[in-house]
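Remarks on the structure that follows.
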Amino acid sequence: MVAERDSRLASLEKDAVRAIIAIPTYNERENIVNLVRAIQSAAPATDILIIDDNSPDGTGQIADEMAARDNTIHVMHRPGKLGLGTAYIAGFHYAIERGYEFVFEMDADFSHNPAYLPRFFELAGDADVVIGSRYVKGGGTPNWSPLRKFISGGGNIFARAMLGIPVHDCTAGYRCYRTAALRTLNLDAIHAQGYAFQVEMTYNFWKSGFRIRELPIIFEDRRVGKSKMSRKIFIEAFLWVLRARVTGDAEVRRRPPASATMPEAGVSSQIGSAGDRQP
Ligand SMILES: Nc1nc2c(ncn2[C@@H]2O[C@H](COP(=O)(O)OP(=O)(O)O)[C@@H](O)[C@H]2O)c(=O)[nH]1
Ligand SMILES: [Mg+2]
């Protein structure tokens with residue numbers, strides 16, 4: 001199993017697939033060093049971008065110390081807690097501007113187990129986004145209370161039913177995006193945070209005809225540090241879906257023509273026309 005993974009990773013390195021993992025952090029000093037280590041052992045060829053919102057616990061400084069010793073680790077500092085959605089958008093821009101082929105979203109708290117990274121790469125070969133899904137066969141949230149399962153699982157059923165998205169886990173935050181697909185979207189027009197951000201990105205990918213694949217993952221609860229998710233974030237997601245359904249406001253955020261550039265060679269063929277193809 002390990003040898004098999006090593007050879008897969010070696011072939012990735014050979015093919016020079018450039019990937020970066022965007023990790024937003026807010027008060028994750030107890031997690032970040034171990035997480036970076038775990039990522040590097042699971043996916044040694046992959047770069048890491050920590051997006052820290054001036055964490056009062058000094059996470060940003062720890063990240064800087066790691067980056068000073070290792071040029072595959074990068075740090076982006078923002079002045080204060082600006083939310084998960086804008087952190088990911090900043091990470092996407094970073095990856096696009098620097099020519100990475102794939103950019104991952106990953107939480108810093110080990111809920112998103114780095115051991116899945118090689119599987120993400122396998123699926124990413126013929127996908128525009130791979131979603132680490134709790135709601136497909138083989139995935140799950142074994143430590144959650146029935147209430148939490150109901151809220152998250154029910155929220156996903158609600159979003160699917162309201163918007164017609166054929167994705168089982170559209171609020172999931174462990175993902176691998178193909179940057180060639182991301183760059184066709186007007187990322188700066190996406191203002192949702194939290195779970196709504198994940199739903200909006202999923203919706204945009206689906207409506208754009210991009211290939212979406214779900215990888216079953218077991219989502220583990222954080223062991224150290226505190227969750228930053230609040231009731232407000234749940235309500236935001238619920239209202240986003242409701243408003244999108246009622247007003248049809250969930251438009252596809254394509255790049256405006258004025259600043260649009262031609263998609264890279266070999267990518268255009270993968271992109272279907274907006275709205276008419278279900279992955
Ligand atoms: N940069 C940044 N990171 C954040 C912010 N809010 C949450 N995070 C990080 O986003 C990830 C997910 O947050 P978490 O609190 O674990 O959410 P939960 O898993 O839904 O409870 C963690 O790595 C947090 O440190 C924010 O406003 N800015
Ligand atoms: Mg968490």
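So you can find residues: chains in the structure tokens are A, B, ... in the order shown, residues in each start at 1, and ligands are numbered from 1 in order.
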Once you count only C-alpha atoms and all ligand atoms, which residues end up within 6 Å of ligand 1, and could you hand them over as a PDB file with N, CA and C atoms, in the first residue's frame?
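New file pocket.pdb:
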```pdb
ATOM      1  N   PRO A  24      -6.522  28.063   5.528  1.00  0.00           N
ATOM      2  CA  PRO A  24      -6.823  29.267   6.301  1.00  0.00           C
ATOM      3  C   PRO A  24      -6.661  28.961   7.789  1.00  0.00           C
ATOM      4  N   THR A  25      -6.066  29.888   8.502  1.00  0.00           N
ATOM      5  CA  THR A  25      -5.892  29.638   9.938  1.00  0.00           C
ATOM      6  C   THR A  25      -6.352  30.825  10.763  1.00  0.00           C
ATOM      7  N   TYR A  26      -6.983  30.510  11.855  1.00  0.00           N
ATOM      8  CA  TYR A  26      -7.277  31.502  12.887  1.00  0.00           C
ATOM      9  C   TYR A  26      -7.152  30.772  14.230  1.00  0.00           C
ATOM     10  N   ASN A  27      -6.108  31.075  14.944  1.00  0.00           N
ATOM     11  CA  ASN A  27      -5.815  30.416  16.230  1.00  0.00           C
ATOM     12  C   ASN A  27      -5.667  28.902  16.091  1.00  0.00           C
ATOM     13  N   GLU A  28      -4.666  28.501  15.346  1.00  0.00           N
ATOM     14  CA  GLU A  28      -4.416  27.067  15.130  1.00  0.00           C
ATOM     15  C   GLU A  28      -2.988  26.698  15.525  1.00  0.00           C
ATOM     16  N   ILE A  51      -2.904  30.814   5.161  1.00  0.00           N
ATOM     17  CA  ILE A  51      -3.509  32.148   5.073  1.00  0.00           C
ATOM     18  C   ILE A  51      -3.982  32.505   6.467  1.00  0.00           C
ATOM     19  N   ASP A  52      -3.190  33.314   7.144  1.00  0.00           N
ATOM     20  CA  ASP A  52      -3.477  33.586   8.552  1.00  0.00           C
ATOM     21  C   ASP A  52      -4.050  34.981   8.732  1.00  0.00           C
ATOM     22  N   ASP A  53      -5.112  35.054   9.498  1.00  0.00           N
ATOM     23  CA  ASP A  53      -5.795  36.331   9.723  1.00  0.00           C
ATOM     24  C   ASP A  53      -5.351  36.969  11.038  1.00  0.00           C
ATOM     25  N   LYS A  81      -9.519  39.029  11.197  1.00  0.00           N
ATOM     26  CA  LYS A  81     -10.366  37.891  10.826  1.00  0.00           C
ATOM     27  C   LYS A  81     -11.343  38.306   9.730  1.00  0.00           C
ATOM     28  N   LEU A  82     -11.024  37.931   8.491  1.00  0.00           N
ATOM     29  CA  LEU A  82     -11.806  38.382   7.335  1.00  0.00           C
ATOM     30  C   LEU A  82     -12.695  37.291   6.760  1.00  0.00           C
ATOM     31  N   GLY A  83     -12.677  36.114   7.390  1.00  0.00           N
ATOM     32  CA  GLY A  83     -13.603  35.053   6.947  1.00  0.00           C
ATOM     33  C   GLY A  83     -12.966  34.060   6.001  1.00  0.00           C
ATOM     34  N   LEU A  84     -13.608  32.884   5.994  1.00  0.00           N
ATOM     35  CA  LEU A  84     -13.073  31.741   5.249  1.00  0.00           C
ATOM     36  C   LEU A  84     -13.164  31.937   3.730  1.00  0.00           C
ATOM     37  N   ALA A  87     -10.544  34.204   2.404  1.00  0.00           N
ATOM     38  CA  ALA A  87      -9.229  33.551   2.556  1.00  0.00           C
ATOM     39  C   ALA A  87      -9.009  32.594   1.388  1.00  0.00           C
ATOM     40  N   ASP A 107      -8.840  22.446   5.972  1.00  0.00           N
ATOM     41  CA  ASP A 107      -8.867  23.048   7.309  1.00  0.00           C
ATOM     42  C   ASP A 107      -7.590  22.686   8.058  1.00  0.00           C
ATOM     43  N   ALA A 108      -7.261  23.517   9.044  1.00  0.00           N
ATOM     44  CA  ALA A 108      -6.013  23.314   9.777  1.00  0.00           C
ATOM     45  C   ALA A 108      -6.163  22.335  10.942  1.00  0.00           C
ATOM     46  N   ASP A 109      -7.363  21.846  11.188  1.00  0.00           N
ATOM     47  CA  ASP A 109      -7.622  21.162  12.460  1.00  0.00           C
ATOM     48  C   ASP A 109      -7.662  19.630  12.356  1.00  0.00           C
ATOM     49  N   SER A 227     -13.518  25.484  17.404  1.00  0.00           N
ATOM     50  CA  SER A 227     -14.202  25.744  16.136  1.00  0.00           C
ATOM     51  C   SER A 227     -14.563  27.231  16.057  1.00  0.00           C
ATOM     52  N   LYS A 228     -14.436  27.778  14.837  1.00  0.00           N
ATOM     53  CA  LYS A 228     -14.823  29.183  14.647  1.00  0.00           C
ATOM     54  C   LYS A 228     -16.180  29.300  13.974  1.00  0.00           C
ATOM     55  N   MET A 229     -16.775  28.158  13.692  1.00  0.00           N
ATOM     56  CA  MET A 229     -18.065  28.208  13.017  1.00  0.00           C
ATOM     57  C   MET A 229     -19.135  28.632  14.014  1.00  0.00           C
TER      58      MET A 229
END
```
* Could you tell me, as a list in words, which residues of segment 164-241 of chain A DSSP assigns to alpha helix (DSSP H) when given the backbone? => Thr179, Ala180, Ala181, Leu182, Gly194, Tyr195, Ala196, Phe197, Gln198, Val199, Glu200, Met201, Thr202, Tyr203, Asn204, Phe205, Trp206, Lys207, Arg231, Lys232, Ile233, Phe234, Ile235, Glu236, Ala237, Phe238, Leu239, Trp240 and Val241 of chain A
Include N, CA and C atoms and write out the residues we just selected as a PDB file, in the first residue's frame.
```pdb
ATOM      1  N   THR A 179      -6.892  24.876 -11.366  1.00  0.00           N
ATOM      2  CA  THR A 179      -6.845  26.345 -11.475  1.00  0.00           C
ATOM      3  C   THR A 179      -7.317  26.829 -12.845  1.00  0.00           C
ATOM      4  N   ALA A 180      -7.129  26.005 -13.886  1.00  0.00           N
ATOM      5  CA  ALA A 180      -7.594  26.411 -15.223  1.00  0.00           C
ATOM      6  C   ALA A 180      -9.096  26.641 -15.223  1.00  0.00           C
ATOM      7  N   ALA A 181      -9.821  25.894 -14.390  1.00  0.00           N
ATOM      8  CA  ALA A 181     -11.264  26.102 -14.269  1.00  0.00           C
ATOM      9  C   ALA A 181     -11.541  27.336 -13.404  1.00  0.00           C
ATOM     10  N   LEU A 182     -10.840  27.454 -12.287  1.00  0.00           N
ATOM     11  CA  LEU A 182     -11.060  28.602 -11.389  1.00  0.00           C
ATOM     12  C   LEU A 182     -10.860  29.928 -12.104  1.00  0.00           C
ATOM     13  N   GLY A 194     -17.994  30.936   4.813  1.00  0.00           N
ATOM     14  CA  GLY A 194     -18.392  29.672   5.430  1.00  0.00           C
ATOM     15  C   GLY A 194     -18.963  28.639   4.476  1.00  0.00           C
ATOM     16  N   TYR A 195     -20.041  27.986   4.914  1.00  0.00           N
ATOM     17  CA  TYR A 195     -20.640  26.908   4.117  1.00  0.00           C
ATOM     18  C   TYR A 195     -21.252  27.441   2.833  1.00  0.00           C
ATOM     19  N   ALA A 196     -21.805  28.656   2.890  1.00  0.00           N
ATOM     20  CA  ALA A 196     -22.414  29.250   1.694  1.00  0.00           C
ATOM     21  C   ALA A 196     -21.366  29.408   0.597  1.00  0.00           C
ATOM     22  N   PHE A 197     -20.142  29.722   0.990  1.00  0.00           N
ATOM     23  CA  PHE A 197     -19.064  29.842   0.002  1.00  0.00           C
ATOM     24  C   PHE A 197     -18.870  28.523  -0.736  1.00  0.00           C
ATOM     25  N   GLN A 198     -18.867  27.434   0.014  1.00  0.00           N
ATOM     26  CA  GLN A 198     -18.670  26.121  -0.622  1.00  0.00           C
ATOM     27  C   GLN A 198     -19.840  25.792  -1.549  1.00  0.00           C
ATOM     28  N   VAL A 199     -21.051  26.137  -1.122  1.00  0.00           N
ATOM     29  CA  VAL A 199     -22.220  25.866  -1.966  1.00  0.00           C
ATOM     30  C   VAL A 199     -22.127  26.712  -3.238  1.00  0.00           C
ATOM     31  N   GLU A 200     -21.765  27.980  -3.079  1.00  0.00           N
ATOM     32  CA  GLU A 200     -21.702  28.869  -4.242  1.00  0.00           C
ATOM     33  C   GLU A 200     -20.639  28.394  -5.235  1.00  0.00           C
ATOM     34  N   MET A 201     -19.497  27.965  -4.746  1.00  0.00           N
ATOM     35  CA  MET A 201     -18.446  27.449  -5.645  1.00  0.00           C
ATOM     36  C   MET A 201     -18.933  26.187  -6.358  1.00  0.00           C
ATOM     37  N   THR A 202     -19.598  25.311  -5.610  1.00  0.00           N
ATOM     38  CA  THR A 202     -20.110  24.073  -6.214  1.00  0.00           C
ATOM     39  C   THR A 202     -21.113  24.405  -7.314  1.00  0.00           C
ATOM     40  N   TYR A 203     -21.994  25.345  -6.991  1.00  0.00           N
ATOM     41  CA  TYR A 203     -23.023  25.751  -7.946  1.00  0.00           C
ATOM     42  C   TYR A 203     -22.381  26.315  -9.222  1.00  0.00           C
ATOM     43  N   ASN A 204     -21.384  27.171  -9.035  1.00  0.00           N
ATOM     44  CA  ASN A 204     -20.697  27.762 -10.190  1.00  0.00           C
ATOM     45  C   ASN A 204     -20.001  26.704 -11.038  1.00  0.00           C
ATOM     46  N   PHE A 205     -19.388  25.737 -10.392  1.00  0.00           N
ATOM     47  CA  PHE A 205     -18.701  24.678 -11.149  1.00  0.00           C
ATOM     48  C   PHE A 205     -19.702  23.824 -11.910  1.00  0.00           C
ATOM     49  N   TRP A 206     -20.780  23.510 -11.245  1.00  0.00           N
ATOM     50  CA  TRP A 206     -21.795  22.670 -11.902  1.00  0.00           C
ATOM     51  C   TRP A 206     -22.406  23.408 -13.090  1.00  0.00           C
ATOM     52  N   LYS A 207     -22.820  24.667 -12.870  1.00  0.00           N
ATOM     53  CA  LYS A 207     -23.448  25.456 -13.934  1.00  0.00           C
ATOM     54  C   LYS A 207     -22.487  25.709 -15.089  1.00  0.00           C
ATOM     55  N   ARG A 231     -23.461  29.936  14.586  1.00  0.00           N
ATOM     56  CA  ARG A 231     -24.821  29.785  14.077  1.00  0.00           C
ATOM     57  C   ARG A 231     -25.043  30.710  12.877  1.00  0.00           C
ATOM     58  N   LYS A 232     -24.367  31.872  12.950  1.00  0.00           N
ATOM     59  CA  LYS A 232     -24.482  32.852  11.860  1.00  0.00           C
ATOM     60  C   LYS A 232     -24.072  32.227  10.513  1.00  0.00           C
ATOM     61  N   ILE A 233     -23.031  31.400  10.535  1.00  0.00           N
ATOM     62  CA  ILE A 233     -22.522  30.783   9.299  1.00  0.00           C
ATOM     63  C   ILE A 233     -23.546  29.784   8.741  1.00  0.00           C
ATOM     64  N   PHE A 234     -24.205  29.056   9.655  1.00  0.00           N
ATOM     65  CA  PHE A 234     -25.261  28.125   9.212  1.00  0.00           C
ATOM     66  C   PHE A 234     -26.398  28.906   8.563  1.00  0.00           C
ATOM     67  N   ILE A 235     -26.792  29.973   9.256  1.00  0.00           N
ATOM     68  CA  ILE A 235     -27.930  30.759   8.774  1.00  0.00           C
ATOM     69  C   ILE A 235     -27.586  31.397   7.434  1.00  0.00           C
ATOM     70  N   GLU A 236     -26.350  31.876   7.309  1.00  0.00           N
ATOM     71  CA  GLU A 236     -25.917  32.477   6.036  1.00  0.00           C
ATOM     72  C   GLU A 236     -26.088  31.470   4.892  1.00  0.00           C
ATOM     73  N   ALA A 237     -25.678  30.224   5.146  1.00  0.00           N
ATOM     74  CA  ALA A 237     -25.746  29.198   4.093  1.00  0.00           C
ATOM     75  C   ALA A 237     -27.204  28.900   3.744  1.00  0.00           C
ATOM     76  N   PHE A 238     -28.022  28.763   4.773  1.00  0.00           N
ATOM     77  CA  PHE A 238     -29.439  28.476   4.557  1.00  0.00           C
ATOM     78  C   PHE A 238     -30.077  29.590   3.723  1.00  0.00           C
ATOM     79  N   LEU A 239     -29.813  30.834   4.118  1.00  0.00           N
ATOM     80  CA  LEU A 239     -30.416  31.972   3.414  1.00  0.00           C
ATOM     81  C   LEU A 239     -29.879  32.096   1.991  1.00  0.00           C
ATOM     82  N   TRP A 240     -28.606  31.767   1.828  1.00  0.00           N
ATOM     83  CA  TRP A 240     -28.016  31.847   0.474  1.00  0.00           C
ATOM     84  C   TRP A 240     -28.764  30.907  -0.471  1.00  0.00           C
ATOM     85  N   VAL A 241     -28.984  29.685  -0.012  1.00  0.00           N
ATOM     86  CA  VAL A 241     -29.668  28.693  -0.849  1.00  0.00           C
ATOM     87  C   VAL A 241     -31.102  29.142  -1.129  1.00  0.00           C
TER      88      VAL A 241
END
```
* **Contacts of Leu35 of chain A at 10 Å (only C-alpha atoms; same-chain gap of 5+ positions) as a ChimeraX atom specification** => /A:23,30,40-41,107-110,112-114
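When only C-alpha atoms and all ligand atoms are used to measure the gap to ligand 2, the shortest distance among A:Ser111, A:Asn34, A:Ser152, A:Thr247 belongs to A:Ser111.
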* Option closest in space to ligand 2, from A:Ile212, A:Ile131, A:Leu185, A:Ala172 [counting only C-alpha atoms and all ligand atoms] -> A:Ala172
* **In segment 133-241 of chain A, DSSP strand (DSSP E) residues written as a PyMOL selection string** => chain A and resi 133+175-178+212-216
Residues from the last selection, C-alpha atoms, saved as a compact mmCIF listing (two decimals), in the first residue's frame:
```txt
# COMPACT_ATOMS: atom_id res chain seq x y z
CA SER A 133 -17.45 14.03 0.50
CA ARG A 175 -11.39 20.07 -2.10
CA CYS A 176 -8.96 20.04 -4.98
CA TYR A 177 -9.62 22.60 -7.71
CA ARG A 178 -8.07 22.77 -11.14
CA ILE A 212 -17.08 17.38 -10.39
CA ARG A 213 -16.00 14.21 -8.61
CA GLU A 214 -16.63 13.20 -5.02
CA LEU A 215 -14.08 11.29 -2.99
CA PRO A 216 -15.50 9.58 0.12
```
* **Shell around Ala90 of chain A at 12 Å using only C-alpha atoms, local window under 2 positions removed, as number ranges by chain** => A: 22-24, 49-53, 75-78, 82-88, 92-97, 103, 105, 187-188, 190
For the selection just defined, write its residues with C-alpha atoms to a file, as a PDB file, in the first residue's frame.
```pdb
ATOM      1  CA  ALA A  22      -4.422  26.568   0.903  1.00  0.00           C
ATOM      2  CA  ILE A  23      -4.972  26.379   4.653  1.00  0.00           C
ATOM      3  CA  PRO A  24      -6.823  29.267   6.301  1.00  0.00           C
ATOM      4  CA  LEU A  49       0.023  28.179   1.621  1.00  0.00           C
ATOM      5  CA  ILE A  50      -1.072  29.229   5.099  1.00  0.00           C
ATOM      6  CA  ILE A  51      -3.509  32.148   5.073  1.00  0.00           C
ATOM      7  CA  ASP A  52      -3.477  33.586   8.552  1.00  0.00           C
ATOM      8  CA  ASP A  53      -5.795  36.331   9.723  1.00  0.00           C
ATOM      9  CA  VAL A  75       2.403  32.383   4.236  1.00  0.00           C
ATOM     10  CA  MET A  76      -0.120  35.092   3.528  1.00  0.00           C
ATOM     11  CA  HIS A  77      -0.899  37.482   6.367  1.00  0.00           C
ATOM     12  CA  ARG A  78      -4.154  39.377   6.498  1.00  0.00           C
ATOM     13  CA  LEU A  82     -11.806  38.382   7.335  1.00  0.00           C
ATOM     14  CA  GLY A  83     -13.603  35.053   6.947  1.00  0.00           C
ATOM     15  CA  LEU A  84     -13.073  31.741   5.249  1.00  0.00           C
ATOM     16  CA  GLY A  85     -14.488  32.649   1.830  1.00  0.00           C
ATOM     17  CA  THR A  86     -12.162  35.584   1.202  1.00  0.00           C
ATOM     18  CA  ALA A  87      -9.229  33.551   2.556  1.00  0.00           C
ATOM     19  CA  TYR A  88      -9.881  30.876  -0.068  1.00  0.00           C
ATOM     20  CA  PHE A  92      -7.003  30.750  -5.422  1.00  0.00           C
ATOM     21  CA  HIS A  93      -5.510  33.967  -6.799  1.00  0.00           C
ATOM     22  CA  TYR A  94      -2.144  33.050  -5.318  1.00  0.00           C
ATOM     23  CA  ALA A  95      -2.240  29.638  -7.019  1.00  0.00           C
ATOM     24  CA  ILE A  96      -3.423  31.035 -10.374  1.00  0.00           C
ATOM     25  CA  GLU A  97      -0.823  33.807 -10.437  1.00  0.00           C
ATOM     26  CA  VAL A 103      -5.165  24.282  -5.456  1.00  0.00           C
ATOM     27  CA  GLU A 105      -8.797  23.776   0.344  1.00  0.00           C
ATOM     28  CA  LEU A 187     -13.787  35.013  -8.140  1.00  0.00           C
ATOM     29  CA  ASP A 188     -13.967  38.511  -6.720  1.00  0.00           C
ATOM     30  CA  ILE A 190     -18.134  35.694  -4.748  1.00  0.00           C
TER      31      ILE A 190
END
```
* **Residue among A:Met106, A:Ile73, A:Arg148, A:Met162 lying closest to ligand 2, counting only C-alpha atoms and all ligand atoms** =>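 Result for the nearest residue to ligand 2: A:Met106.
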* Closest of A:Leu242, A:Ile165, A:Val130, A:Val224 to ligand 2 - atom-to-atom distances counting only C-alpha atoms and all ligand atoms ->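 So, comparing all the options, the nearest one is A:Val224.
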